[in-house]
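A.B. asks: upload_36.txt is reproduced in full below (compact mmCIF, C-alpha atoms).
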```txt
# COMPACT_ATOMS: atom_id res chain seq x y z
CA MET M 1 125.03 174.88 -62.10
CA ALA M 2 127.26 173.25 -59.56
CA ALA M 3 124.84 173.36 -56.66
CA GLN M 4 125.02 170.26 -54.49
CA GLU M 5 122.05 168.13 -53.53
CA GLU M 6 122.06 165.10 -51.25
CA THR M 7 119.57 162.26 -51.54
CA GLY M 8 119.36 158.71 -50.20
CA ASN M 9 120.03 157.81 -46.58
CA GLU M 10 122.92 157.41 -44.15
CA GLN M 11 123.78 153.94 -45.46
CA LEU M 12 123.71 154.81 -49.16
CA LYS M 13 123.55 158.38 -50.39
CA VAL M 14 124.40 160.35 -53.50
CA LEU M 15 125.79 163.87 -53.76
CA THR M 16 124.61 165.46 -57.02
CA PHE M 17 126.16 168.41 -58.80
CA GLY M 18 124.98 170.18 -61.93
CA CYS M 19 122.02 169.80 -64.22
CA ARG M 20 118.56 168.26 -64.03
CA LEU M 21 119.76 165.31 -66.07
CA ASN M 22 122.27 164.56 -63.33
CA ALA M 23 119.47 164.78 -60.73
CA TYR M 24 117.51 162.20 -62.71
CA GLU M 25 120.52 159.95 -63.17
CA SER M 26 121.34 160.12 -59.46
CA GLU M 27 118.05 158.34 -58.76
CA VAL M 28 119.09 155.65 -61.22
CA MET M 29 122.49 155.40 -59.51
CA LEU M 30 120.86 154.94 -56.12
CA ARG M 31 118.60 152.21 -57.45
CA GLU M 32 121.38 150.34 -59.26
CA ALA M 33 123.82 150.66 -56.34
CA LYS M 34 121.15 149.32 -54.01
CA SER M 35 120.55 146.44 -56.41
CA ALA M 36 124.27 145.72 -56.22
CA GLY M 37 124.10 145.57 -52.42
CA LEU M 38 125.83 148.82 -51.48
CA ASP M 39 123.08 149.60 -48.98
CA THR M 40 124.13 146.53 -46.97
CA LEU M 41 127.72 147.61 -46.43
CA GLU M 42 128.46 147.99 -42.74
CA ASP M 43 130.13 151.38 -43.15
CA GLY M 44 127.89 152.62 -45.96
CA ALA M 45 128.68 154.13 -49.34
CA VAL M 46 128.67 157.62 -50.82
CA LEU M 47 128.09 158.17 -54.55
CA VAL M 48 129.28 161.48 -56.01
CA ASN M 49 127.70 162.51 -59.33
CA THR M 50 129.92 165.31 -60.63
CA CYS M 51 129.56 168.19 -63.09
CA ALA M 52 132.26 169.41 -65.52
CA VAL M 53 130.65 172.56 -66.93
CA THR M 54 133.14 174.86 -65.15
CA GLY M 55 136.40 174.52 -63.27
CA GLU M 56 134.54 175.71 -60.18
CA ALA M 57 132.11 172.80 -60.49
CA VAL M 58 135.04 170.36 -60.48
CA ARG M 59 136.62 172.12 -57.50
CA GLN M 60 133.36 171.94 -55.54
CA ALA M 61 133.01 168.23 -56.28
CA LYS M 62 136.51 167.50 -54.98
CA GLN M 63 135.85 169.60 -51.91
CA ALA M 64 132.64 167.61 -51.26
CA ILE M 65 134.54 164.33 -51.66
CA ARG M 66 137.09 165.36 -49.03
CA ARG M 67 134.30 166.43 -46.69
CA ALA M 68 132.44 163.16 -47.29
CA ARG M 69 135.57 161.21 -46.33
CA ARG M 70 135.97 163.19 -43.11
CA GLU M 71 132.33 162.59 -42.20
CA ASN M 72 132.34 158.93 -43.34
CA PRO M 73 135.89 157.69 -42.68
CA ASN M 74 135.17 154.04 -43.50
CA ALA M 75 132.53 154.37 -46.21
CA ARG M 76 133.12 153.45 -49.83
CA ILE M 77 133.24 156.60 -51.99
CA ILE M 78 132.40 156.13 -55.67
CA VAL M 79 132.76 159.07 -58.07
CA SER M 80 131.06 159.41 -61.45
CA GLY M 81 129.44 162.05 -63.65
CA CYS M 82 130.82 164.36 -66.32
CA ALA M 83 133.91 165.52 -64.40
CA ALA M 84 134.81 161.92 -63.58
CA GLN M 85 134.40 161.06 -67.26
CA THR M 86 136.61 163.89 -68.50
CA GLU M 87 139.12 164.00 -65.63
CA ALA M 88 139.11 160.39 -64.47
CA GLN M 89 142.78 160.25 -63.51
CA SER M 90 142.51 163.42 -61.44
CA PHE M 91 139.76 161.90 -59.31
CA GLY M 92 141.49 158.54 -59.25
CA GLU M 93 144.54 160.16 -57.67
CA MET M 94 142.50 161.35 -54.69
CA ASP M 95 143.19 159.24 -51.60
CA GLU M 96 139.59 159.78 -50.48
CA VAL M 97 138.16 158.03 -53.56
CA ASP M 98 137.69 154.25 -53.76
CA LEU M 99 136.34 153.96 -57.30
CA VAL M 100 135.85 156.17 -60.38
CA ILE M 101 133.28 155.05 -62.98
CA GLY M 102 132.10 156.69 -66.20
CA ASN M 103 128.82 158.33 -67.14
CA GLU M 104 127.53 155.21 -68.86
CA GLU M 105 128.83 152.78 -66.24
CA LYS M 106 127.14 154.65 -63.37
CA LEU M 107 123.69 153.61 -64.67
CA HIS M 108 124.26 149.86 -64.35
CA ALA M 109 124.34 147.66 -61.26
CA GLN M 110 127.34 145.61 -62.45
CA SER M 111 129.53 148.69 -62.13
CA TYR M 112 128.96 148.63 -58.37
CA ARG M 113 129.12 144.86 -57.84
CA ALA M 114 132.92 144.77 -57.49
CA LEU M 115 132.48 145.84 -53.88
CA PRO M 116 134.18 145.37 -51.54
CA ASP M 117 137.14 144.24 -53.64
CA PHE M 118 137.73 147.28 -55.85
CA GLY M 119 140.38 149.90 -55.37
CA VAL M 120 143.29 147.56 -54.75
CA ASN M 121 145.50 149.67 -57.00
CA ASP M 122 145.32 152.88 -59.01
CA THR M 123 144.74 151.06 -62.30
CA GLU M 124 141.70 149.13 -61.11
CA LYS M 125 140.45 152.16 -59.23
CA VAL M 126 139.51 154.00 -62.44
CA ARG M 127 136.92 152.25 -64.60
CA VAL M 128 135.90 154.77 -67.25
CA ASN M 129 135.20 153.63 -70.80
CA ASP M 130 135.12 155.68 -74.01
CA ILE M 131 131.80 157.53 -73.92
CA MET M 132 132.00 158.15 -77.67
CA GLU M 133 131.40 154.44 -78.24
CA VAL M 134 127.93 154.63 -76.68
CA THR M 135 125.37 154.81 -79.50
CA GLU M 136 122.01 154.27 -77.79
CA THR M 137 120.12 155.55 -74.77
CA SER M 138 116.88 154.61 -73.11
CA PRO M 139 114.93 156.11 -70.22
CA HIS M 140 115.62 154.20 -67.02
CA MET M 141 112.20 153.48 -65.56
CA ILE M 142 112.21 155.05 -62.11
CA ASP M 143 109.24 155.21 -59.75
CA SER M 144 110.08 158.55 -58.15
CA LEU M 145 112.72 161.19 -57.61
CA GLY M 146 113.58 161.48 -53.93
CA GLY M 147 112.25 164.69 -52.42
CA HIS M 148 111.24 166.25 -55.74
CA SER M 149 107.73 167.42 -56.57
CA ARG M 150 108.54 167.53 -60.28
CA ALA M 151 109.68 164.41 -62.13
CA PHE M 152 112.50 164.54 -64.68
CA VAL M 153 112.47 162.24 -67.69
CA GLN M 154 115.56 161.78 -69.83
CA VAL M 155 114.66 161.97 -73.51
CA GLN M 156 118.14 162.45 -74.96
CA ASN M 157 121.81 162.31 -73.99
CA GLY M 158 125.06 163.58 -75.50
CA CYS M 159 125.69 166.31 -78.06
CA ASP M 160 126.89 166.39 -81.68
CA HIS M 161 127.85 170.07 -81.56
CA ARG M 162 131.27 171.29 -80.55
CA CYS M 163 130.93 174.74 -79.03
CA THR M 164 134.45 175.97 -78.42
CA PHE M 165 133.96 176.51 -74.68
CA CYS M 166 132.13 173.28 -73.86
CA ILE M 167 133.60 170.06 -72.50
CA ILE M 168 130.25 168.33 -72.00
CA PRO M 169 130.31 166.31 -75.29
CA TYR M 170 133.48 164.65 -73.98
CA GLY M 171 131.64 163.76 -70.79
CA ARG M 172 128.38 162.69 -72.40
CA GLY M 173 129.33 161.42 -75.87
CA ASN M 174 127.44 161.90 -79.12
CA SER M 175 123.74 162.70 -79.28
CA ARG M 176 121.38 159.76 -78.87
CA SER M 177 117.65 159.77 -78.23
CA ALA M 178 115.34 157.53 -76.24
CA PRO M 179 112.46 155.90 -78.16
CA MET M 180 109.24 157.90 -78.04
CA GLY M 181 107.13 155.00 -76.82
CA ALA M 182 109.43 154.32 -73.88
CA ILE M 183 109.34 157.99 -72.88
CA VAL M 184 105.54 158.07 -72.97
CA GLU M 185 105.40 154.95 -70.78
CA GLN M 186 107.80 156.52 -68.30
CA VAL M 187 105.64 159.64 -68.08
CA LYS M 188 102.51 157.50 -67.56
CA LYS M 189 104.25 155.61 -64.76
CA LEU M 190 105.34 158.77 -62.96
CA VAL M 191 101.91 160.36 -63.27
CA GLY M 192 100.40 157.13 -61.95
CA ASN M 193 102.67 157.48 -58.93
CA GLY M 194 101.32 160.92 -58.18
CA TYR M 195 103.57 163.36 -60.04
CA LEU M 196 101.66 166.34 -61.41
CA GLU M 197 104.52 167.87 -63.40
CA VAL M 198 107.09 166.24 -65.68
CA VAL M 199 110.22 167.92 -67.03
CA LEU M 200 111.75 166.55 -70.23
CA THR M 201 115.50 166.79 -69.97
CA GLY M 202 118.67 166.00 -71.90
CA VAL M 203 122.04 167.43 -72.85
CA ASP M 204 120.86 168.89 -76.18
CA THR M 205 117.13 168.36 -75.76
CA THR M 206 116.02 170.12 -78.94
CA SER M 207 118.11 167.72 -81.05
CA TYR M 208 115.76 164.93 -79.93
CA GLY M 209 114.92 162.28 -82.52
CA ALA M 210 117.46 163.01 -85.26
CA ASP M 211 119.06 159.60 -84.69
CA LEU M 212 115.79 157.63 -84.46
CA PRO M 213 113.85 155.90 -87.27
CA GLY M 214 111.50 158.40 -88.88
CA LYS M 215 113.39 161.27 -87.23
CA PRO M 216 110.70 162.43 -84.77
CA THR M 217 111.21 165.87 -83.27
CA LEU M 218 110.99 167.27 -79.75
CA GLY M 219 107.77 169.01 -80.73
CA SER M 220 106.19 165.77 -81.93
CA LEU M 221 107.28 164.10 -78.68
CA VAL M 222 105.69 166.88 -76.61
CA GLN M 223 102.44 166.59 -78.57
CA LYS M 224 102.45 162.78 -78.23
CA ILE M 225 102.89 162.96 -74.45
CA LEU M 226 100.09 165.49 -74.03
CA GLU M 227 97.83 163.39 -76.25
CA GLN M 228 98.56 159.99 -74.72
CA VAL M 229 98.85 161.09 -71.07
CA PRO M 230 95.77 163.32 -70.67
CA GLU M 231 95.94 162.99 -66.89
CA LEU M 232 99.30 164.87 -66.82
CA PRO M 233 98.52 168.44 -65.67
CA ARG M 234 101.90 170.06 -66.39
CA LEU M 235 104.66 169.36 -68.91
CA ARG M 236 107.87 171.39 -68.95
CA LEU M 237 111.16 171.46 -70.85
CA SER M 238 114.66 171.88 -69.49
CA SER M 239 117.19 174.05 -71.36
CA ILE M 240 116.63 174.33 -75.11
CA ASP M 241 118.56 175.60 -78.12
CA SER M 242 116.14 177.96 -79.86
CA ILE M 243 117.70 177.47 -83.32
CA GLU M 244 116.50 173.82 -83.21
CA VAL M 245 112.90 174.50 -82.15
CA ASP M 246 110.54 172.86 -84.66
CA GLU M 247 107.05 173.81 -85.81
CA PRO M 248 105.18 171.20 -83.71
CA LEU M 249 106.87 172.58 -80.59
CA MET M 250 105.83 176.10 -81.53
CA GLU M 251 102.28 174.79 -81.98
CA ALA M 252 102.38 173.22 -78.51
CA ILE M 253 103.67 176.45 -76.99
CA ALA M 254 100.86 178.40 -78.63
CA SER M 255 97.92 176.09 -77.98
CA GLU M 256 98.60 173.57 -75.20
CA THR M 257 97.70 174.99 -71.79
CA ARG M 258 99.30 171.97 -70.08
CA PHE M 259 102.64 172.92 -71.65
CA MET M 260 104.11 175.29 -69.09
CA PRO M 261 104.83 178.86 -70.27
CA HIS M 262 108.52 178.97 -69.41
CA LEU M 263 111.55 178.31 -71.63
CA HIS M 264 115.18 178.29 -70.55
CA LEU M 265 117.42 179.21 -73.47
CA SER M 266 121.02 178.20 -74.11
CA LEU M 267 121.78 181.77 -75.19
CA GLN M 268 125.42 182.15 -73.96
CA HIS M 269 126.10 185.63 -75.39
CA GLY M 270 124.61 188.67 -77.09
CA ASP M 271 127.36 189.58 -79.54
CA ASP M 272 127.58 188.06 -83.03
CA MET M 273 131.37 187.87 -83.18
CA ILE M 274 131.61 186.12 -79.81
CA LEU M 275 128.78 183.76 -80.79
CA LYS M 276 130.75 182.84 -83.92
CA ARG M 277 133.91 182.30 -81.88
CA MET M 278 131.89 180.14 -79.52
CA LYS M 279 130.77 178.19 -82.60
CA ARG M 280 127.13 178.72 -81.68
CA ARG M 281 124.56 178.24 -84.44
CA HIS M 282 122.45 181.29 -83.69
CA LEU M 283 123.13 185.02 -83.85
CA ARG M 284 121.85 187.89 -81.74
CA ASP M 285 118.92 188.83 -83.97
CA HIS M 286 117.69 185.24 -84.12
CA SER M 287 117.41 185.09 -80.33
CA ILE M 288 115.52 188.37 -80.18
CA GLU M 289 113.19 187.32 -82.99
CA PHE M 290 112.56 183.93 -81.36
CA CYS M 291 111.59 185.48 -78.02
CA ASN M 292 109.33 188.04 -79.69
CA THR M 293 107.63 185.36 -81.79
CA VAL M 294 107.05 183.03 -78.85
CA ARG M 295 105.75 185.88 -76.72
CA SER M 296 103.25 186.79 -79.45
CA LEU M 297 102.01 183.18 -79.42
CA ARG M 298 102.03 182.86 -75.61
CA PRO M 299 101.89 186.29 -73.94
CA ASP M 300 102.20 184.84 -70.41
CA ILE M 301 105.51 183.06 -71.14
CA SER M 302 108.68 183.69 -69.14
CA PHE M 303 112.24 183.20 -70.36
CA GLY M 304 115.42 182.15 -68.60
CA ALA M 305 118.85 181.93 -70.18
CA ASP M 306 122.42 180.76 -69.64
CA MET M 307 124.99 183.49 -70.29
CA ILE M 308 128.81 183.45 -70.25
CA ALA M 309 130.76 186.55 -69.19
CA GLY M 310 134.38 187.13 -70.11
CA PHE M 311 134.75 184.80 -73.09
CA PRO M 312 138.21 185.10 -74.72
CA THR M 313 138.62 188.22 -76.92
CA GLU M 314 135.44 189.78 -75.48
CA THR M 315 135.74 193.59 -75.67
CA GLU M 316 133.71 196.02 -73.59
CA THR M 317 131.48 196.72 -76.60
CA MET M 318 130.90 193.00 -77.13
CA PHE M 319 130.08 192.56 -73.45
CA GLU M 320 127.60 195.44 -73.58
CA ASN M 321 125.75 193.51 -76.29
CA SER M 322 125.26 190.74 -73.74
CA LEU M 323 123.98 193.26 -71.21
CA SER M 324 121.49 194.71 -73.69
CA ILE M 325 120.15 191.40 -74.98
CA VAL M 326 118.62 190.73 -71.55
CA GLU M 327 116.13 193.52 -72.20
CA LYS M 328 115.86 192.90 -75.95
CA CYS M 329 114.82 189.29 -75.37
CA GLY M 330 112.77 190.09 -72.27
CA LEU M 331 114.64 187.61 -70.10
CA ASP M 332 113.29 187.04 -66.58
CA PHE M 333 115.80 184.57 -65.11
CA LEU M 334 119.53 184.75 -65.82
CA HIS M 335 122.10 182.06 -65.04
CA VAL M 336 125.53 183.66 -65.39
CA PHE M 337 128.76 181.72 -65.82
CA PRO M 338 132.12 183.50 -65.55
CA PHE M 339 134.14 182.03 -68.42
CA SER M 340 136.21 179.09 -67.25
CA PRO M 341 138.70 177.50 -69.68
CA ARG M 342 138.07 173.77 -69.82
CA PRO M 343 140.76 171.31 -70.87
CA GLN M 344 140.51 169.87 -74.41
CA THR M 345 138.40 172.81 -75.65
CA PRO M 346 139.46 175.32 -78.34
CA ALA M 347 138.47 178.29 -76.18
CA ALA M 348 141.13 177.30 -73.65
CA ASN M 349 143.76 178.13 -76.29
CA MET M 350 142.29 181.52 -77.23
CA PRO M 351 143.62 184.80 -75.77
CA GLN M 352 142.26 184.86 -72.22
CA LEU M 353 140.89 187.87 -70.33
CA ASP M 354 142.15 188.80 -66.88
CA ARG M 355 140.34 186.78 -64.21
CA GLY M 356 139.48 189.94 -62.30
CA LEU M 357 137.86 191.43 -65.39
CA ILE M 358 135.89 188.23 -65.98
CA LYS M 359 134.55 188.31 -62.41
CA GLU M 360 133.71 192.01 -62.70
CA ARG M 361 131.75 191.46 -65.93
CA ALA M 362 129.96 188.47 -64.47
CA ALA M 363 128.90 190.62 -61.53
CA ARG M 364 127.60 193.33 -63.89
CA LEU M 365 125.67 190.78 -65.91
CA ARG M 366 124.17 189.28 -62.76
CA LYS M 367 123.11 192.77 -61.66
CA VAL M 368 121.27 193.30 -64.95
CA GLY M 369 119.71 189.86 -64.51
CA GLU M 370 118.62 190.71 -60.97
CA THR M 371 116.95 193.91 -62.21
CA ALA M 372 115.09 191.92 -64.86
CA PHE M 373 114.02 189.38 -62.23
CA GLN M 374 112.68 192.13 -59.96
CA HIS M 375 110.62 193.48 -62.86
CA HIS M 376 109.30 189.96 -63.43
CA LEU M 377 108.27 189.70 -59.78
CA GLU M 378 106.50 193.07 -59.99
CA ARG M 379 104.57 191.97 -63.07
CA SER M 380 103.65 188.65 -61.44
CA ALA M 381 102.59 189.97 -58.03
CA HIS M 382 98.84 189.96 -58.62
CA GLY M 383 95.96 187.71 -59.60
CA THR M 384 95.72 183.97 -58.97
CA GLN M 385 98.12 181.22 -59.98
CA PRO M 386 98.07 177.40 -59.81
CA VAL M 387 101.19 176.63 -57.75
CA LEU M 388 102.95 173.27 -57.56
CA VAL M 389 104.10 172.95 -53.94
CA GLU M 390 107.73 171.88 -53.57
CA ARG M 391 110.14 171.51 -50.68
CA GLY M 392 111.13 174.15 -48.18
CA GLY M 393 107.86 176.05 -48.06
CA LEU M 394 108.07 177.08 -51.71
CA GLY M 395 106.18 176.30 -54.89
CA ARG M 396 106.33 177.14 -58.61
CA THR M 397 103.91 178.95 -60.86
CA PRO M 398 103.54 177.82 -64.47
CA GLN M 399 106.11 180.52 -65.34
CA PHE M 400 108.58 178.83 -62.93
CA THR M 401 108.44 181.70 -60.43
CA THR M 402 108.81 180.66 -56.80
CA VAL M 403 105.96 181.33 -54.37
CA MET M 404 106.05 181.10 -50.59
CA THR M 405 103.62 178.30 -49.75
CA GLY M 406 104.23 177.70 -46.05
CA ASP M 407 103.10 174.29 -44.85
CA LEU M 408 100.89 173.42 -47.82
CA PRO M 409 101.18 169.73 -48.82
CA GLN M 410 104.17 169.03 -51.06
CA GLY M 411 103.45 167.67 -54.52
CA GLU M 412 99.96 169.17 -54.85
CA ILE M 413 98.82 171.96 -57.14
CA VAL M 414 97.16 174.70 -55.13
CA GLU M 415 95.34 177.76 -56.43
CA MET M 416 96.88 180.80 -54.74
CA LYS M 417 95.99 184.47 -54.69
CA ILE M 418 99.23 186.41 -55.23
CA SER M 419 99.46 189.61 -53.18
CA GLY M 420 103.07 190.74 -53.53
CA HIS M 421 106.69 189.64 -53.34
CA ASN M 422 109.68 189.92 -51.01
CA GLY M 423 112.37 190.43 -53.65
CA LYS M 424 113.02 186.70 -53.98
CA HIS M 425 109.66 184.96 -54.05
CA LEU M 426 106.03 185.79 -54.69
CA ILE M 427 103.78 185.97 -51.64
CA GLY M 428 100.33 184.47 -51.75
CA GLU M 429 97.47 182.80 -49.96
CA ALA M 430 95.91 179.45 -50.78
CA ILE M 431 92.39 179.66 -52.14
CA ARG M 432 91.71 176.02 -52.89
CA HIS M 433 93.28 172.97 -54.43
CA ALA M 434 93.36 173.42 -58.18
CA LYS M 435 91.56 170.96 -60.42
CA VAL M 436 94.11 168.69 -62.06
CA GLY M 437 93.98 165.93 -64.61
```
Just dump the structure as structure tokens.
C.D. replies:
Amino acid sequence: MAAQEETGNEQLKVLTFGCRLNAYESEVMLREAKSAGLDTLEDGAVLVNTCAVTGEAVRQAKQAIRRARRENPNARIIVSGCAAQTEAQSFGEMDEVDLVIGNEEKLHAQSYRALPDFGVNDTEKVRVNDIMEVTETSPHMIDSLGGHSRAFVQVQNGCDHRCTFCIIPYGRGNSRSAPMGAIVEQVKKLVGNGYLEVVLTGVDTTSYGADLPGKPTLGSLVQKILEQVPELPRLRLSSIDSIEVDEPLMEAIASETRFMPHLHLSLQHGDDMILKRMKRRHLRDHSIEFCNTVRSLRPDISFGADMIAGFPTETETMFENSLSIVEKCGLDFLHVFPFSPRPQTPAANMPQLDRGLIKERAARLRKVGETAFQHHLERSAHGTQPVLVERGGLGRTPQFTTVMTGDLPQGEIVEMKISGHNGKHLIGEAIRHAKVG
């Protein structure tokens, strides 16, 4: 999930790596940096919002920083995000970087107001506080997300779990939820500004509400949004942990047509022993049962999943259990991570597999995922679908499948007759604008 996205303009821009939560927070960074006056700097400023999920993500961020310096020799370069939080000194030692700020600091204008006086020495250059001390979160009210047809709303941040491979809790801190009322108001504002689809996002989204008075759940939040924002046509979730899914969420999946029939699961592996060594809270059979149950409630649903190949101690038999769970769960979209040992994590101290073997298994897992995706395209290549038009001549069906839309207007929902696919996207023809609201 280390893909790079650039938003903003030549005077003040942000390079975003990683998850949807980072994409949302990059819009907040742009707004706060502009409030602090960075858009008035003669030579401009570049904000880099990093990801720490893999070593490759960190490497790509550093590569982008060096490229940004070559292309903007006099601009101020400010680095933040999860990798900057967990490896602050490493980024601070880069000559190309003017300032390193933490994941909490990046969301506030005062963090950027030291310009142009910061960076006078290596000590002042790094301004990263202890993320574990942050105990509250709230949705930052943004009007739009530059270039996006879907709007992301942060409902939760941080994570209380300590999976042995994951460094993200050290970059995001402990789990903390945004108040339900504030989230509903944010959704209303975005819908009022023309967004037809909202994605609820967080680090451990399904843990939503455990730290709030009354302990509301993600399912109750979903039902509240659909009830109080009737003009919202499409509501979607980012990655979820199926073991935490509550009954109200299952009810929404089964009965709410405005809740989009697509779930992305934090699955990680298909073998029980590896799942235990990962310190995951689910086992293989639970994942299979969950997918079967949800599919019985919502037959048109599609599933995506994150999977790790080459975890320490993984045998060929264990790996084959990951290969087979793709079919057992009926997964349509697979996001494969070759295992990457992250500093400070227990898995980094476990017996490691050969890097070549890890890459080979990741390639095999991706091949199985590609076969599953082709089957999904075949099943989807007929009938009509309401498609939300996005950038680049593409749109998304409710099942999150991409459709070639040509020059249809971005941000609108268009009814399309699907006639086939090209191996990557569905192919269709616009019939009419779908009724929304």
A.B. asks: List the spatial neighbours of Leu267 in chain M as an NGL selection string - criterion: any atom at most 7 Å away, only C-alpha atoms, same-chain residues fewer than 3 positions off excluded.
C.D. replies: :M and (305-307)
A.B. asks: If you measure from CA of Ala68 in chain M to CA of Gly171 in chain M, what distance in Å do you get, rounded to one decimal?
C.D. replies: 23.5 Å
A.B. asks: With the cut-off set at 12 Å and counting all atoms listed in the file, tabulate each residue of range 323-356 of chain M with an atom at most that distance from an atom of range 271-275 of chain M, showing the nearest atom pair and its distance in Å to one decimal, ordered by chain and increasing number, as CSV.
C.D. replies:
```
residue,atom,partner,partner_atom,distance
M:Leu323,CA,M:Asp271,CA,9.7
M:Ser324,CA,M:Asp271,CA,9.7
M:Ile325,CA,M:Asp271,CA,8.7
M:Val326,CA,M:Asp271,CA,11.9
M:Ala347,CA,M:Ile274,CA,11.0
M:Met350,CA,M:Ile274,CA,11.9
```
A.B. asks: Box for range 373-383 of chain M - axis-aligned, 6 Å on each of the six sides, all listed atoms - centre and size in Å to one decimal, as AutoDock Vina command-line options.
C.D. replies:
```
--center_x 105.0 --center_y 190.6 --center_z -60.7 --size_x 30.1 --size_y 17.8 --size_z 17.4
```
A.B. asks: Write out as a list in words the residues lying within 12 Å of Glu415 in chain M, counting all atoms listed in the file and excluding same-chain residues fewer than 3 positions away.
C.D. replies: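 Near neighbours after the sequence-gap exclusion: Gly383, Thr384, Gln385, Pro386, Val387, Leu388, Val389, Gly395, Arg396, Thr397, Pro398, Val403, Thr405, Leu408, Glu412, Ile418, Gly428, Glu429, Ala430, Ile431, Arg432, His433, Ala434, Lys435 and Val436 of chain M.
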A.B. asks: So, counting only C-alpha atoms, which residue among M:Gly393, M:Pro233, M:Gly202, M:Gly356 is closest to Arg172 in chain M?
C.D. replies: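 Among the listed residues, the smallest separation from Arg172 in chain M belongs to M:Gly202.
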A.B. asks: So which one's closest to Ile78 in chain M, M:Ala52, M:Val46, M:Leu15, M:Met29? Using only C-alpha atoms, please.
C.D. replies: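 Under the stated criterion, the closest residue is M:Val46.
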A.B. asks: Can you work out which one of M:Lys13, M:His335, M:Arg70, M:Arg277 has the shortest atom-to-atom distance to Ser26 in chain M, counting all atoms listed in the file?
C.D. replies: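 Residue with the minimum atom-to-atom distance to Ser26 in chain M: M:Lys13.
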A.B. asks: Between CA of Phe337 in chain M and CA of Ser266 in chain M, what is the distance, to one decimal in Å?
C.D. replies: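 Here the two named atoms are 11.9 Å from each other.
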A.B. asks: Report the distance between CA of Pro341 in chain M and CA of Gln154 in chain M in Å, rounded to one decimal place.
C.D. replies: 28.0 Å
A.B. asks: Neighbours of Arg258 in chain M within 8 Å (only C-alpha atoms; same-chain residues fewer than 2 positions away dropped), as a list of chain:residue names?
C.D. replies: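 Using only C-alpha atoms, the neighbours found are M:Leu226, M:Leu232, M:Pro233, M:Arg234, M:Leu235, M:Glu256, M:Met260.
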A.B. asks: Put those residues in a file: C-alpha atoms, as a PDB file, in the frame of the given file.
C.D. replies:
```pdb
ATOM      1  CA  LEU M 226     100.090 165.490 -74.030  1.00  0.00           C
ATOM      2  CA  LEU M 232      99.300 164.870 -66.820  1.00  0.00           C
ATOM      3  CA  PRO M 233      98.520 168.440 -65.670  1.00  0.00           C
ATOM      4  CA  ARG M 234     101.900 170.060 -66.390  1.00  0.00           C
ATOM      5  CA  LEU M 235     104.660 169.360 -68.910  1.00  0.00           C
ATOM      6  CA  GLU M 256      98.600 173.570 -75.200  1.00  0.00           C
ATOM      7  CA  MET M 260     104.110 175.290 -69.090  1.00  0.00           C
TER       8      MET M 260
END
```
A.B. asks: Generate a file for range 217-228 of chain M, containing N, CA and C atoms, as a PDB file, in the first residue's frame.
C.D. replies:
```
ATOM      1  N   THR M 217     -20.831   0.958  18.691  1.00  0.00           N
ATOM      2  CA  THR M 217     -20.073   0.073  17.818  1.00  0.00           C
ATOM      3  C   THR M 217     -20.029   0.638  16.397  1.00  0.00           C
ATOM      4  N   LEU M 218     -19.183   0.042  15.568  1.00  0.00           N
ATOM      5  CA  LEU M 218     -19.126   0.459  14.167  1.00  0.00           C
ATOM      6  C   LEU M 218     -20.480   0.240  13.493  1.00  0.00           C
ATOM      7  N   GLY M 219     -21.131  -0.870  13.808  1.00  0.00           N
ATOM      8  CA  GLY M 219     -22.438  -1.128  13.224  1.00  0.00           C
ATOM      9  C   GLY M 219     -23.467  -0.077  13.600  1.00  0.00           C
ATOM     10  N   SER M 220     -23.460   0.344  14.861  1.00  0.00           N
ATOM     11  CA  SER M 220     -24.408   1.378  15.277  1.00  0.00           C
ATOM     12  C   SER M 220     -24.085   2.711  14.608  1.00  0.00           C
ATOM     13  N   LEU M 221     -22.797   2.980  14.387  1.00  0.00           N
ATOM     14  CA  LEU M 221     -22.407   4.195  13.667  1.00  0.00           C
ATOM     15  C   LEU M 221     -22.908   4.146  12.226  1.00  0.00           C
ATOM     16  N   VAL M 222     -22.707   3.020  11.559  1.00  0.00           N
ATOM     17  CA  VAL M 222     -23.174   2.868  10.179  1.00  0.00           C
ATOM     18  C   VAL M 222     -24.684   3.086  10.099  1.00  0.00           C
ATOM     19  N   GLN M 223     -25.430   2.480  11.010  1.00  0.00           N
ATOM     20  CA  GLN M 223     -26.886   2.632  10.987  1.00  0.00           C
ATOM     21  C   GLN M 223     -27.296   4.077  11.268  1.00  0.00           C
ATOM     22  N   LYS M 224     -26.573   4.746  12.167  1.00  0.00           N
ATOM     23  CA  LYS M 224     -26.887   6.148  12.493  1.00  0.00           C
ATOM     24  C   LYS M 224     -26.650   7.055  11.286  1.00  0.00           C
ATOM     25  N   ILE M 225     -25.553   6.841  10.575  1.00  0.00           N
ATOM     26  CA  ILE M 225     -25.262   7.652   9.388  1.00  0.00           C
ATOM     27  C   ILE M 225     -26.342   7.455   8.334  1.00  0.00           C
ATOM     28  N   LEU M 226     -26.695   6.215   8.049  1.00  0.00           N
ATOM     29  CA  LEU M 226     -27.707   5.942   7.036  1.00  0.00           C
ATOM     30  C   LEU M 226     -29.069   6.510   7.426  1.00  0.00           C
ATOM     31  N   GLU M 227     -29.343   6.524   8.726  1.00  0.00           N
ATOM     32  CA  GLU M 227     -30.618   7.070   9.207  1.00  0.00           C
ATOM     33  C   GLU M 227     -30.632   8.596   9.153  1.00  0.00           C
ATOM     34  N   GLN M 228     -29.556   9.223   9.588  1.00  0.00           N
ATOM     35  CA  GLN M 228     -29.549  10.676   9.728  1.00  0.00           C
ATOM     36  C   GLN M 228     -29.063  11.419   8.481  1.00  0.00           C
TER      37      GLN M 228
END
```
